[in-house]
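Scroll down for the structure; my scribbles are underneath it.
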Amino acid sequence: MIAEDSVLLRVGLVKVVQTAGFEVVAEADDAEGLLAAVGEHRPDIAVVDVRMPPGFTDEGVRAALLIRRQWPDTAVLLLSQYVEERYAADLLTSHTEGIGYLLKQRVADVEEFIDALRRVAGGGTALDPQVVAQLLVRRHSDPLDRLTSRERDVLELMAGGRSNAGIAGALVISESAVAKHINSLFGKLDLPVAEADHRRVLAVLRFLGVG
């Protein structure tokens, strides 16, 4: 499901995802059409523009929140022209699976965009590196200050939805080193021993300031 008011971008998105093997069941150019189409087709994932008619403010975000409440099996990947980290935080406050937030410029890197799309459709998360970086700059003194620079790098990549293997590749270190950094940052963030994936979510929420 593609929801984008710009005809050119919407046509481009449809072509990109179809080429990658996705079936596009519906298109919409406003939030009302998006919600109607999701209710009818129940897609695996909806790619949604943050700002859509009629107000061009946060219509896409509000529709995404409604979709995640009413049809939790439908993942949502939001696209935005600019970094608006509040919207990412709003979504993650209520939902920690099947959520993505990318800048529209990422669509130009087709491989990166499709990777994020598949990850979100599979129940994971994908946050734009610029959103993560801006959130990091806004942080003030808190338990995150206990982390080493390498641990912060690992947490930043976790927030972007990377697996241990993906983090290892990005930082050019071994997966065992990644695991050690993750266990260390769990301790420094005072996260209790629990299921590993659960603690990853808590760590990311702590990083974003919404948990």
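Each chain of the structure tokens is named A, B, ... in the order shown, its residues numbered from 1; ligands are numbered from 1 in display order.
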Exercise. Within 12 Å of Glu32 (chain A), counting only C-alpha atoms, which residues show up once you throw out same-chain ones fewer than 5 positions away? Write them as a count of residues only, please.
Key: 17
Practice problem: List the neighbours of Ser163 (chain A) out to 12 Å using only C-alpha atoms; skip same-chain residues closer than 5 positions along the sequence, and give me the result as a PyMOL selection string. | Solution: chain A and resi 119+124-126+154-158+168-170+175+178-179+182+196-197+200
Pull C-alpha atoms from the residues just selected and write them as a PDB file, in the first residue's frame.
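Written out: again.pdb:
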ATOM      1  CA  ARG A 119      12.835  -5.303   7.627  1.00  0.00           C
ATOM      2  CA  GLY A 124      11.427  -4.945  12.645  1.00  0.00           C
ATOM      3  CA  THR A 125      12.248  -1.242  12.784  1.00  0.00           C
ATOM      4  CA  ALA A 126      14.085   1.124  10.457  1.00  0.00           C
ATOM      5  CA  VAL A 154      26.376   0.001  18.499  1.00  0.00           C
ATOM      6  CA  LEU A 155      23.214   1.423  20.102  1.00  0.00           C
ATOM      7  CA  GLU A 156      22.761   3.902  17.262  1.00  0.00           C
ATOM      8  CA  LEU A 157      22.875   1.047  14.739  1.00  0.00           C
ATOM      9  CA  MET A 158      20.488  -0.992  16.898  1.00  0.00           C
ATOM     10  CA  ALA A 168      29.444  -6.004  12.879  1.00  0.00           C
ATOM     11  CA  GLY A 169      29.588  -5.284   9.167  1.00  0.00           C
ATOM     12  CA  ALA A 170      29.006  -1.558   9.598  1.00  0.00           C
ATOM     13  CA  GLU A 175      29.869 -10.427  15.952  1.00  0.00           C
ATOM     14  CA  VAL A 178      29.171  -6.687  19.053  1.00  0.00           C
ATOM     15  CA  ALA A 179      27.571  -9.080  21.560  1.00  0.00           C
ATOM     16  CA  ILE A 182      25.521  -4.950  23.699  1.00  0.00           C
ATOM     17  CA  ALA A 196      17.513 -10.510  24.425  1.00  0.00           C
ATOM     18  CA  ASP A 197      15.146  -8.992  21.858  1.00  0.00           C
ATOM     19  CA  ARG A 200      17.136  -4.498  22.614  1.00  0.00           C
TER      20      ARG A 200
END
Quiz item: Which residue out of A:Leu8, A:Leu34, A:Val61, A:Ile167 has the minimum interatomic distance to Glu151 (chain A) when only C-alpha atoms are used?
Solution: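 Closest residue, counting only C-alpha atoms: A:Ile167.
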Practice problem: Find the residues near Arg42 (chain A): any atom within 9 Å, counting only C-alpha atoms, skip ones fewer than 5 places away on the same chain, and give them as an MDAnalysis selection string. | Solution: chainID A and resid 1 37 71 73:74
Self-check item: Point-to-point distance in Å for CA of Leu77 (chain A) and CA of Ala46 (chain A)
Solution: 6.2 Å
Self-check item: Test item: residues at most 12 Å from Thr19 (chain A), only C-alpha atoms, excluding those fewer than 4 positions along its chain, as a PyMOL selection string
Solution: chain A and resi 12-15+23-24+110-111+114
Written selection (all heavy atoms) as a PDB file, in the first residue's frame:
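In the end it all went to out-v2.pdb:
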ATOM      1  N   GLY A  12       6.933   6.510  -8.801  1.00  0.00           N
ATOM      2  CA  GLY A  12       8.282   5.989  -8.635  1.00  0.00           C
ATOM      3  C   GLY A  12       8.360   4.931  -7.554  1.00  0.00           C
ATOM      4  O   GLY A  12       9.030   3.903  -7.728  1.00  0.00           O
ATOM      5  N   LEU A  13       7.684   5.162  -6.430  1.00  0.00           N
ATOM      6  CA  LEU A  13       7.666   4.188  -5.341  1.00  0.00           C
ATOM      7  C   LEU A  13       7.031   2.873  -5.789  1.00  0.00           C
ATOM      8  O   LEU A  13       7.536   1.792  -5.481  1.00  0.00           O
ATOM      9  CB  LEU A  13       6.902   4.751  -4.139  1.00  0.00           C
ATOM     10  CG  LEU A  13       7.613   5.813  -3.304  1.00  0.00           C
ATOM     11  CD1 LEU A  13       6.632   6.467  -2.341  1.00  0.00           C
ATOM     12  CD2 LEU A  13       8.770   5.186  -2.526  1.00  0.00           C
ATOM     13  N   VAL A  14       5.929   2.974  -6.503  1.00  0.00           N
ATOM     14  CA  VAL A  14       5.248   1.772  -6.984  1.00  0.00           C
ATOM     15  C   VAL A  14       6.186   0.963  -7.876  1.00  0.00           C
ATOM     16  O   VAL A  14       6.302  -0.268  -7.731  1.00  0.00           O
ATOM     17  CB  VAL A  14       3.957   2.146  -7.751  1.00  0.00           C
ATOM     18  CG1 VAL A  14       3.391   0.920  -8.467  1.00  0.00           C
ATOM     19  CG2 VAL A  14       2.920   2.720  -6.791  1.00  0.00           C
ATOM     20  N   LYS A  15       6.865   1.639  -8.776  1.00  0.00           N
ATOM     21  CA  LYS A  15       7.771   0.950  -9.703  1.00  0.00           C
ATOM     22  C   LYS A  15       8.915   0.278  -8.943  1.00  0.00           C
ATOM     23  O   LYS A  15       9.277  -0.869  -9.213  1.00  0.00           O
ATOM     24  CB  LYS A  15       8.335   1.942 -10.714  1.00  0.00           C
ATOM     25  CG  LYS A  15       9.220   1.301 -11.774  1.00  0.00           C
ATOM     26  CD  LYS A  15       9.733   2.340 -12.749  1.00  0.00           C
ATOM     27  CE  LYS A  15      10.660   1.742 -13.775  1.00  0.00           C
ATOM     28  NZ  LYS A  15      10.012   1.043 -14.832  1.00  0.00           N
ATOM     29  N   GLU A  23       3.903  -6.771  -4.228  1.00  0.00           N
ATOM     30  CA  GLU A  23       2.649  -6.490  -4.925  1.00  0.00           C
ATOM     31  C   GLU A  23       2.022  -5.249  -4.303  1.00  0.00           C
ATOM     32  O   GLU A  23       1.827  -5.190  -3.088  1.00  0.00           O
ATOM     33  CB  GLU A  23       1.679  -7.665  -4.794  1.00  0.00           C
ATOM     34  CG  GLU A  23       0.321  -7.393  -5.439  1.00  0.00           C
ATOM     35  CD  GLU A  23      -0.703  -8.468  -5.139  1.00  0.00           C
ATOM     36  OE1 GLU A  23      -0.360  -9.440  -4.430  1.00  0.00           O
ATOM     37  OE2 GLU A  23      -1.856  -8.322  -5.605  1.00  0.00           O
ATOM     38  N   VAL A  24       1.714  -4.253  -5.102  1.00  0.00           N
ATOM     39  CA  VAL A  24       1.051  -3.038  -4.618  1.00  0.00           C
ATOM     40  C   VAL A  24      -0.451  -3.229  -4.775  1.00  0.00           C
ATOM     41  O   VAL A  24      -0.973  -3.265  -5.893  1.00  0.00           O
ATOM     42  CB  VAL A  24       1.526  -1.796  -5.397  1.00  0.00           C
ATOM     43  CG1 VAL A  24       0.796  -0.550  -4.893  1.00  0.00           C
ATOM     44  CG2 VAL A  24       3.036  -1.613  -5.246  1.00  0.00           C
ATOM     45  N   VAL A 110      18.002   2.594  -3.821  1.00  0.00           N
ATOM     46  CA  VAL A 110      16.966   1.566  -3.917  1.00  0.00           C
ATOM     47  C   VAL A 110      17.267   0.372  -3.019  1.00  0.00           C
ATOM     48  O   VAL A 110      16.380  -0.134  -2.318  1.00  0.00           O
ATOM     49  CB  VAL A 110      16.794   1.105  -5.382  1.00  0.00           C
ATOM     50  CG1 VAL A 110      15.829  -0.071  -5.461  1.00  0.00           C
ATOM     51  CG2 VAL A 110      16.293   2.259  -6.235  1.00  0.00           C
ATOM     52  N   GLU A 111      18.520  -0.069  -3.011  1.00  0.00           N
ATOM     53  CA  GLU A 111      18.874  -1.238  -2.209  1.00  0.00           C
ATOM     54  C   GLU A 111      18.639  -0.978  -0.724  1.00  0.00           C
ATOM     55  O   GLU A 111      18.075  -1.821  -0.011  1.00  0.00           O
ATOM     56  CB  GLU A 111      20.336  -1.611  -2.453  1.00  0.00           C
ATOM     57  CG  GLU A 111      20.763  -2.895  -1.748  1.00  0.00           C
ATOM     58  CD  GLU A 111      22.192  -3.288  -2.086  1.00  0.00           C
ATOM     59  OE1 GLU A 111      22.758  -2.733  -3.039  1.00  0.00           O
ATOM     60  OE2 GLU A 111      22.724  -4.180  -1.384  1.00  0.00           O
ATOM     61  N   ILE A 114      14.739  -0.758  -0.062  1.00  0.00           N
ATOM     62  CA  ILE A 114      14.083  -2.061  -0.093  1.00  0.00           C
ATOM     63  C   ILE A 114      14.477  -2.883   1.134  1.00  0.00           C
ATOM     64  O   ILE A 114      13.649  -3.607   1.709  1.00  0.00           O
ATOM     65  CB  ILE A 114      14.413  -2.819  -1.388  1.00  0.00           C
ATOM     66  CG1 ILE A 114      13.781  -2.093  -2.590  1.00  0.00           C
ATOM     67  CG2 ILE A 114      13.916  -4.253  -1.317  1.00  0.00           C
ATOM     68  CD1 ILE A 114      12.268  -1.962  -2.512  1.00  0.00           C
TER      69      ILE A 114
END
Quiz item: What does the distance between CA of Leu78 (chain A) and CA of His41 (chain A) come to in Å, to one decimal place?
Solution: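 We find that CA of Leu78 (chain A) and CA of His41 (chain A) lie 18.7 Å from each other.
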